[in-house]
file entry-v7.cif (mmCIF, C-alpha atoms, pLDDT in the B column; chains and numbers go by the auth columns)
data_final
loop_
_atom_site.group_PDB
_atom_site.id
_atom_site.type_symbol
_atom_site.label_atom_id
_atom_site.label_comp_id
_atom_site.label_asym_id
_atom_site.label_seq_id
_atom_site.Cartn_x
_atom_site.Cartn_y
_atom_site.Cartn_z
_atom_site.B_iso_or_equiv
_atom_site.auth_seq_id
_atom_site.auth_asym_id
ATOM 1 C CA MET A 1 138.835 100.381 96.373 44.00 1 A
ATOM 2 C CA LYS A 2 135.251 101.433 95.722 41.00 2 A
ATOM 3 C CA THR A 3 133.686 103.705 98.288 45.00 3 A
ATOM 4 C CA GLN A 4 130.358 102.885 99.887 45.00 4 A
ATOM 5 C CA ARG A 5 128.856 105.843 98.035 47.00 5 A
ATOM 6 C CA SER A 6 129.967 104.667 94.600 43.00 6 A
ATOM 7 C CA SER A 7 128.641 101.155 95.299 39.00 7 A
ATOM 8 C CA TRP A 8 125.351 102.648 96.437 43.00 8 A
ATOM 9 C CA CYS A 9 125.173 104.793 93.291 45.00 9 A
ATOM 10 C CA GLN A 10 125.764 101.793 91.041 42.00 10 A
ATOM 11 C CA LEU A 11 122.946 99.928 92.780 42.00 11 A
ATOM 12 C CA LEU A 12 120.659 102.950 92.509 46.00 12 A
ATOM 13 C CA LEU A 13 121.433 103.625 88.858 46.00 13 A
ATOM 14 C CA TYR A 14 120.553 100.111 87.758 46.00 14 A
ATOM 15 C CA ARG A 15 117.984 99.029 90.337 47.00 15 A
ATOM 16 C CA ILE A 16 114.894 99.516 88.190 49.00 16 A
ATOM 17 C CA GLY A 17 116.330 98.131 84.981 55.00 17 A
ATOM 18 C CA GLN A 18 117.320 101.426 83.444 58.00 18 A
ATOM 19 C CA ARG A 19 120.298 103.690 83.741 64.00 19 A
ATOM 20 C CA ILE A 20 119.426 106.889 85.555 69.00 20 A
ATOM 21 C CA PRO A 21 121.923 109.751 85.570 72.00 21 A
ATOM 22 C CA GLU A 22 123.255 110.424 89.050 84.00 22 A
ATOM 23 C CA PRO A 23 121.614 113.586 90.397 96.00 23 A
ATOM 24 C CA LYS A 24 123.708 116.636 91.182 96.00 24 A
ATOM 25 C CA PRO A 25 123.286 118.520 94.457 97.00 25 A
ATOM 26 C CA GLY A 26 120.420 120.985 94.097 98.00 26 A
ATOM 27 C CA ASP A 27 118.560 118.892 91.496 98.00 27 A
ATOM 28 C CA LEU A 28 114.804 118.420 91.819 97.00 28 A
ATOM 29 C CA ILE A 29 113.778 114.767 92.004 97.00 29 A
ATOM 30 C CA GLU A 30 110.334 113.793 90.712 96.00 30 A
ATOM 31 C CA ILE A 31 109.141 110.452 92.125 95.00 31 A
ATOM 32 C CA PHE A 32 106.314 108.724 90.260 94.00 32 A
ATOM 33 C CA ARG A 33 103.946 107.498 92.950 91.00 33 A
ATOM 34 C CA PRO A 34 100.677 105.852 91.964 89.00 34 A
ATOM 35 C CA PHE A 35 98.168 108.675 91.260 85.00 35 A
ATOM 36 C CA TYR A 36 100.546 111.596 91.939 86.00 36 A
ATOM 37 C CA ARG A 37 104.128 112.854 91.901 91.00 37 A
ATOM 38 C CA HIS A 38 106.241 113.288 95.021 93.00 38 A
ATOM 39 C CA TRP A 39 109.092 115.806 94.939 96.00 39 A
ATOM 40 C CA ALA A 40 112.410 115.991 96.763 97.00 40 A
ATOM 41 C CA ILE A 41 115.645 117.933 96.400 98.00 41 A
ATOM 42 C CA TYR A 42 118.959 116.126 96.057 98.00 42 A
ATOM 43 C CA VAL A 43 121.564 117.297 98.585 98.00 43 A
ATOM 44 C CA GLY A 44 124.414 114.904 97.728 97.00 44 A
ATOM 45 C CA ASP A 45 125.874 111.569 98.822 95.00 45 A
ATOM 46 C CA GLY A 46 122.641 109.758 97.933 95.00 46 A
ATOM 47 C CA TYR A 47 120.416 111.929 100.169 97.00 47 A
ATOM 48 C CA VAL A 48 117.344 114.038 99.454 98.00 48 A
ATOM 49 C CA VAL A 49 115.377 116.488 101.564 98.00 49 A
ATOM 50 C CA HIS A 50 111.595 116.294 101.217 96.00 50 A
ATOM 51 C CA LEU A 51 108.282 116.844 102.979 94.00 51 A
ATOM 52 C CA ALA A 52 106.532 113.893 104.574 88.00 52 A
ATOM 53 C CA PRO A 53 103.518 113.529 106.846 81.00 53 A
ATOM 54 C CA PRO A 54 104.624 113.170 110.480 78.00 54 A
ATOM 55 C CA SER A 55 103.771 109.448 110.464 69.00 55 A
ATOM 56 C CA GLU A 56 105.203 108.534 107.041 55.00 56 A
ATOM 57 C CA VAL A 57 107.972 106.002 106.747 50.00 57 A
ATOM 58 C CA ALA A 58 110.556 106.111 103.963 49.00 58 A
ATOM 59 C CA GLY A 59 109.460 104.427 100.755 47.00 59 A
ATOM 60 C CA ALA A 60 105.796 104.578 101.757 48.00 60 A
ATOM 61 C CA GLY A 61 104.725 104.964 98.142 44.00 61 A
ATOM 62 C CA ALA A 62 100.937 104.928 97.885 40.00 62 A
ATOM 63 C CA ALA A 63 100.681 105.320 101.664 44.00 63 A
ATOM 64 C CA SER A 64 101.837 108.904 101.089 49.00 64 A
ATOM 65 C CA VAL A 65 98.278 109.631 99.995 51.00 65 A
ATOM 66 C CA MET A 66 97.740 110.190 103.710 49.00 66 A
ATOM 67 C CA SER A 67 99.635 113.466 103.248 51.00 67 A
ATOM 68 C CA ALA A 68 96.446 114.958 101.804 56.00 68 A
ATOM 69 C CA LEU A 69 94.716 114.434 105.138 62.00 69 A
ATOM 70 C CA THR A 70 97.096 116.410 107.328 68.00 70 A
ATOM 71 C CA ASP A 71 97.972 120.082 107.640 84.00 71 A
ATOM 72 C CA LYS A 72 101.503 119.467 108.903 89.00 72 A
ATOM 73 C CA ALA A 73 104.604 117.914 107.384 91.00 73 A
ATOM 74 C CA ILE A 74 108.073 117.079 108.622 93.00 74 A
ATOM 75 C CA VAL A 75 111.122 118.068 106.604 96.00 75 A
ATOM 76 C CA LYS A 76 113.162 114.884 106.308 96.00 76 A
ATOM 77 C CA LYS A 77 116.611 114.016 104.990 97.00 77 A
ATOM 78 C CA GLU A 78 116.688 110.429 103.759 96.00 78 A
ATOM 79 C CA LEU A 79 118.394 108.325 101.142 96.00 79 A
ATOM 80 C CA LEU A 80 116.831 108.767 97.717 96.00 80 A
ATOM 81 C CA TYR A 81 116.840 104.994 97.393 93.00 81 A
ATOM 82 C CA ASP A 82 114.624 104.712 100.497 95.00 82 A
ATOM 83 C CA VAL A 83 112.305 107.601 99.610 94.00 83 A
ATOM 84 C CA ALA A 84 111.716 106.327 96.074 94.00 84 A
ATOM 85 C CA GLY A 85 111.222 102.738 97.218 93.00 85 A
ATOM 86 C CA SER A 86 110.108 100.735 94.196 93.00 86 A
ATOM 87 C CA ASP A 87 108.752 103.824 92.386 94.00 87 A
ATOM 88 C CA LYS A 88 110.553 105.266 89.374 94.00 88 A
ATOM 89 C CA TYR A 89 112.035 108.745 89.595 95.00 89 A
ATOM 90 C CA GLN A 90 113.888 111.272 87.502 95.00 90 A
ATOM 91 C CA VAL A 91 115.826 114.515 87.782 96.00 91 A
ATOM 92 C CA ASN A 92 113.393 117.219 86.687 95.00 92 A
ATOM 93 C CA ASN A 93 114.669 120.782 86.870 96.00 93 A
ATOM 94 C CA LYS A 94 111.769 121.795 84.654 94.00 94 A
ATOM 95 C CA HIS A 95 111.761 125.491 85.509 96.00 95 A
ATOM 96 C CA ASP A 96 115.449 126.211 84.811 96.00 96 A
ATOM 97 C CA ASP A 97 114.412 127.954 81.588 95.00 97 A
ATOM 98 C CA LYS A 98 111.981 130.203 83.479 95.00 98 A
ATOM 99 C CA TYR A 99 113.840 130.873 86.759 96.00 99 A
ATOM 100 C CA SER A 100 117.515 130.999 87.632 96.00 100 A
ATOM 101 C CA PRO A 101 118.406 128.360 90.203 97.00 101 A
ATOM 102 C CA LEU A 102 119.905 129.696 93.399 97.00 102 A
ATOM 103 C CA PRO A 103 123.571 128.831 94.003 98.00 103 A
ATOM 104 C CA CYS A 104 123.926 125.151 94.877 97.00 104 A
ATOM 105 C CA SER A 105 125.508 125.899 98.249 97.00 105 A
ATOM 106 C CA LYS A 106 122.546 128.096 99.189 98.00 106 A
ATOM 107 C CA ILE A 107 119.996 125.468 98.071 97.00 107 A
ATOM 108 C CA ILE A 108 121.673 122.801 100.191 98.00 108 A
ATOM 109 C CA GLN A 109 122.189 125.103 103.181 98.00 109 A
ATOM 110 C CA ARG A 110 118.519 126.142 103.174 97.00 110 A
ATOM 111 C CA ALA A 111 117.363 122.527 102.821 98.00 111 A
ATOM 112 C CA GLU A 112 119.654 121.240 105.600 97.00 112 A
ATOM 113 C CA GLU A 113 118.550 124.015 107.973 98.00 113 A
ATOM 114 C CA LEU A 114 114.925 122.895 107.639 97.00 114 A
ATOM 115 C CA VAL A 115 115.530 119.184 108.336 97.00 115 A
ATOM 116 C CA GLY A 116 113.550 118.016 111.365 95.00 116 A
ATOM 117 C CA GLN A 117 111.219 120.997 111.379 95.00 117 A
ATOM 118 C CA GLU A 118 107.456 120.655 111.299 93.00 118 A
ATOM 119 C CA VAL A 119 106.003 122.918 108.630 92.00 119 A
ATOM 120 C CA LEU A 120 102.548 123.868 107.407 88.00 120 A
ATOM 121 C CA TYR A 121 101.260 121.586 104.642 88.00 121 A
ATOM 122 C CA LYS A 122 98.423 122.442 102.274 84.00 122 A
ATOM 123 C CA LEU A 123 97.670 120.331 99.254 76.00 123 A
ATOM 124 C CA THR A 124 96.941 123.354 97.071 79.00 124 A
ATOM 125 C CA SER A 125 99.512 125.907 98.235 80.00 125 A
ATOM 126 C CA GLU A 126 102.255 124.366 100.390 84.00 126 A
ATOM 127 C CA ASN A 127 102.904 120.840 99.135 90.00 127 A
ATOM 128 C CA CYS A 128 106.153 119.000 98.374 92.00 128 A
ATOM 129 C CA GLU A 129 106.455 120.511 94.883 93.00 129 A
ATOM 130 C CA HIS A 130 106.037 124.047 96.256 93.00 130 A
ATOM 131 C CA PHE A 131 108.668 123.189 98.879 95.00 131 A
ATOM 132 C CA VAL A 132 111.403 122.033 96.486 96.00 132 A
ATOM 133 C CA ASN A 133 110.766 124.805 93.966 96.00 133 A
ATOM 134 C CA GLU A 134 111.097 127.354 96.766 96.00 134 A
ATOM 135 C CA LEU A 135 114.437 125.808 97.722 97.00 135 A
ATOM 136 C CA ARG A 136 115.820 125.671 94.157 97.00 136 A
ATOM 137 C CA TYR A 137 114.404 128.860 92.638 97.00 137 A
ATOM 138 C CA GLY A 138 113.107 130.943 95.530 95.00 138 A
ATOM 139 C CA VAL A 139 109.639 130.567 93.966 92.00 139 A
ATOM 140 C CA ALA A 140 107.002 128.303 95.525 89.00 140 A
ATOM 141 C CA ARG A 141 104.952 126.758 92.729 87.00 141 A
ATOM 142 C CA SER A 142 103.258 123.481 91.858 87.00 142 A
ATOM 143 C CA ASP A 143 102.258 122.577 88.338 84.00 143 A
ATOM 144 C CA GLN A 144 100.329 119.571 89.684 72.00 144 A
ATOM 145 C CA VAL A 145 97.935 121.892 91.493 65.00 145 A
ATOM 146 C CA VAL A 146 97.349 124.033 88.405 57.00 146 A
ATOM 147 C CA SER A 147 96.836 121.101 86.018 50.00 147 A
ATOM 148 C CA HIS A 148 94.727 119.194 88.558 44.00 148 A
ATOM 149 C CA SER A 149 92.444 122.209 89.119 42.00 149 A
ATOM 150 C CA VAL A 150 91.860 122.596 85.388 39.00 150 A
ATOM 151 C CA THR A 151 91.150 118.875 85.053 38.00 151 A
ATOM 152 C CA GLN A 152 88.798 118.977 88.034 39.00 152 A
ATOM 153 C CA ALA A 153 86.844 121.854 86.520 37.00 153 A
ATOM 154 C CA GLY A 154 86.544 120.002 83.198 36.00 154 A
ATOM 155 C CA VAL A 155 85.416 116.790 84.887 35.00 155 A
ATOM 156 C CA GLN A 156 82.776 118.594 86.930 33.00 156 A
ATOM 157 C CA TRP A 157 81.531 120.414 83.831 30.00 157 A
ATOM 158 C CA CYS A 158 81.218 117.189 81.819 30.00 158 A
ATOM 159 C CA ASN A 159 79.662 115.156 84.615 31.00 159 A
ATOM 160 C CA LEU A 160 77.209 117.724 85.884 33.00 160 A
ATOM 161 C CA GLY A 161 76.424 119.557 82.676 34.00 161 A
ATOM 162 C CA SER A 162 76.604 122.869 84.560 35.00 162 A
ATOM 163 C CA LEU A 163 78.809 124.730 86.981 36.00 163 A
ATOM 164 C CA GLN A 164 76.709 123.626 89.943 39.00 164 A
ATOM 165 C CA PRO A 165 78.676 122.458 92.965 42.00 165 A
ATOM 166 C CA PRO A 166 78.598 118.726 93.740 41.00 166 A
ATOM 167 C CA PRO A 167 75.556 117.590 95.733 45.00 167 A
ATOM 168 C CA PRO A 168 75.908 117.777 99.544 51.00 168 A
ATOM 169 C CA GLY A 169 77.492 114.671 101.004 51.00 169 A
ATOM 170 C CA SER A 170 79.204 113.635 97.774 45.00 170 A
ATOM 171 C CA SER A 171 82.960 113.227 97.756 45.00 171 A
ATOM 172 C CA ASP A 172 85.428 113.850 94.989 42.00 172 A
ATOM 173 C CA SER A 173 87.382 110.630 94.603 38.00 173 A
ATOM 174 C CA SER A 174 89.591 112.011 91.813 37.00 174 A
ATOM 175 C CA ALA A 175 91.643 114.290 94.065 38.00 175 A
ATOM 176 C CA SER A 176 95.351 113.580 93.993 39.00 176 A
ATOM 177 C CA ALA A 177 97.823 113.931 96.812 39.00 177 A
ATOM 178 C CA PHE A 178 101.269 115.414 96.547 44.00 178 A
#
call {"tool": "encode", "arguments": {"input": "entry-v7.cif", "output": "structure tokens"}}
result
Amino acid sequence: MKTQRSSWCQLLLYRIGQRIPEPKPGDLIEIFRPFYRHWAIYVGDGYVVHLAPPSEVAGAGAASVMSALTDKAIVKKELLYDVAGSDKYQVNNKHDDKYSPLPCSKIIQRAEELVGQEVLYKLTSENCEHFVNELRYGVARSDQVVSHSVTQAGVQWCNLGSLQPPPPGSSDSSASAF
């Protein structure tokens, strides 16, 4: 008899028309939202722990852009299937060659202890990618912030022809949310 978990995994693995390897506990999950990447950490049995704005519902997708407008986040434990919604995702332990992952039991214990807590959220220094990297490696880092800052500087240079700040009252519509 198939368990509920194995049935759920089969649905998850084939739901977007491609076979996705089942994550292992402690894996970083990169979710491809429109305009940015959302990050979560897999804790087993189909669940992930991730940061979400206090008002966000699972699978909010593009609505997660609202996370850029708040300075608080809630640590949530939800089914990966619900968090990803219709967005594609992948396991991406991209810093394993640079940092040693903490023991799996410690990663999961630390993640589970934070569930339900309200934490500080800053787009540039304490976003969802910082959060999951801190859990897996003990190092809070976000490559999105670094690459976005470099891109921003290049765009401003090309558009303005100098390093002058944008005119007062103008807004930067190219900012991405994490």
call {"tool": "closest_residue", "arguments": {"input": "entry-v7.cif", "among": "A:Tyr99, A:Trp39, A:Phe32, A:Tyr81", "to": "A:Ala52", "atoms": "only C-alpha atoms"}}
result
A:Trp39
call {"tool": "axis_aligned_box", "arguments": {"input": "entry-v7.cif", "around": "stretch 93-102 of chain A", "padding_each_side": "3 Å", "output": "JSON"}}
result
{"center_x": 115.8, "center_y": 125.9, "center_z": 87.5, "size_x": 14.1, "size_y": 16.2, "size_z": 17.8}
call {"tool": "atom_distance", "arguments": {"input": "entry-v7.cif", "atom1": "atom CA of A:Lys77", "atom2": "atom CA of A:Ser125"}}
result
21.9 Å
call {"tool": "closest_residue", "arguments": {"input": "entry-v7.cif", "among": "A:Gln90, A:Thr124, A:Gln117, A:Asn133", "to": "A:Gly26", "atoms": "only C-alpha atoms"}}
result
A:Asn133
call {"tool": "atom_distance", "arguments": {"input": "entry-v7.cif", "atom1": "atom CA of A:Tyr47", "atom2": "atom CA of A:Val75"}}
result
12.9 Å
call {"tool": "resolve_selection", "arguments": {"input": "entry-v7.cif", "expression": "the PyMOL selection byres ((chain A and resi 45) around 9)", "output": "list of chain:residue names"}}
result
A:Arg5, A:Cys9, A:Pro25, A:Tyr42, A:Val43, A:Gly44, A:Gly46, A:Tyr47, A:Val48, A:Leu79
call {"tool": "write_last_selection", "arguments": {"input": "entry-v7.cif", "atoms": "C-alpha atoms", "output": "compact mmCIF listing (two decimals), keeping the file's coordinate frame"}}
result
# COMPACT_ATOMS: atom_id res chain seq x y z
CA ARG A 5 128.86 105.84 98.04
CA CYS A 9 125.17 104.79 93.29
CA PRO A 25 123.29 118.52 94.46
CA TYR A 42 118.96 116.13 96.06
CA VAL A 43 121.56 117.30 98.58
CA GLY A 44 124.41 114.90 97.73
CA GLY A 46 122.64 109.76 97.93
CA TYR A 47 120.42 111.93 100.17
CA VAL A 48 117.34 114.04 99.45
CA LEU A 79 118.39 108.32 101.14
call {"tool": "residues_around", "arguments": {"input": "entry-v7.cif", "residues": "A:Phe131", "least_positions_apart": "3", "cutoff": "8 Å", "atoms": "all atoms listed in the file", "output": "VMD selection string"}}
result
chain A and resid 50 to 51 126 to 128 134 to 135 140
call {"tool": "atom_distance", "arguments": {"input": "entry-v7.cif", "atom1": "atom CA of A:Glu129", "atom2": "atom CA of A:Arg33"}}
result
13.4 Å
call {"tool": "resolve_selection", "arguments": {"input": "entry-v7.cif", "expression": "the PyMOL selection byres ((chain A and resi 96) around 12)", "output": "list in words"}}
result
Gly26, Asp27, Leu28, Asn92, Asn93, Lys94, His95, Asp97, Lys98, Tyr99, Ser100, Pro101, Leu102, Asn133, Arg136, Tyr137, Gly138 and Val139 of chain A
call {"tool": "closest_residue", "arguments": {"input": "entry-v7.cif", "among": "A:Pro54, A:Pro21, A:Pro34, A:Gly116", "to": "A:Ala84", "atoms": "only C-alpha atoms"}}
result
A:Pro34
call {"tool": "closest_residue", "arguments": {"input": "entry-v7.cif", "among": "A:Val91, A:Cys104, A:Val115, A:Leu120", "to": "A:Ala73", "atoms": "all atoms listed in the file"}}
result
A:Leu120
call {"tool": "resolve_selection", "arguments": {"input": "entry-v7.cif", "expression": "the PyMOL selection byres ((chain A and resi 142) around 6)", "output": "NGL selection string"}}
result
:A and (129-130 or 141 or 143-145)
call {"tool": "write_last_selection", "arguments": {"input": "entry-v7.cif", "atoms": "C-alpha atoms", "output": "PDB file, in the coordinates of the input"}}
result
ATOM      1  CA  GLU A 129     106.455 120.511  94.883  1.00 93.00           C
ATOM      2  CA  HIS A 130     106.037 124.047  96.256  1.00 93.00           C
ATOM      3  CA  ARG A 141     104.952 126.758  92.729  1.00 87.00           C
ATOM      4  CA  ASP A 143     102.258 122.577  88.338  1.00 84.00           C
ATOM      5  CA  GLN A 144     100.329 119.571  89.684  1.00 72.00           C
ATOM      6  CA  VAL A 145      97.935 121.892  91.493  1.00 65.00           C
TER       7      VAL A 145
END
call {"tool": "residues_near_point", "arguments": {"input": "entry-v7.cif", "point": "(100.8, 117.2, 107.9)", "cutoff": "6 Å", "atoms": "all atoms listed in the file", "output": "PDB file with C-alpha atoms, keeping the file's coordinate frame"}}
result
ATOM      1  CA  PRO A  53     103.518 113.529 106.846  1.00 81.00           C
ATOM      2  CA  THR A  70      97.096 116.410 107.328  1.00 68.00           C
ATOM      3  CA  ASP A  71      97.972 120.082 107.640  1.00 84.00           C
ATOM      4  CA  LYS A  72     101.503 119.467 108.903  1.00 89.00           C
ATOM      5  CA  ALA A  73     104.604 117.914 107.384  1.00 91.00           C
ATOM      6  CA  TYR A 121     101.260 121.586 104.642  1.00 88.00           C
TER       7      TYR A 121
END
call {"tool": "closest_residue", "arguments": {"input": "entry-v7.cif", "among": "A:Ile41, A:Ala111, A:Val119, A:Val132", "to": "A:Lys24", "atoms": "only C-alpha atoms"}}
result
A:Ile41
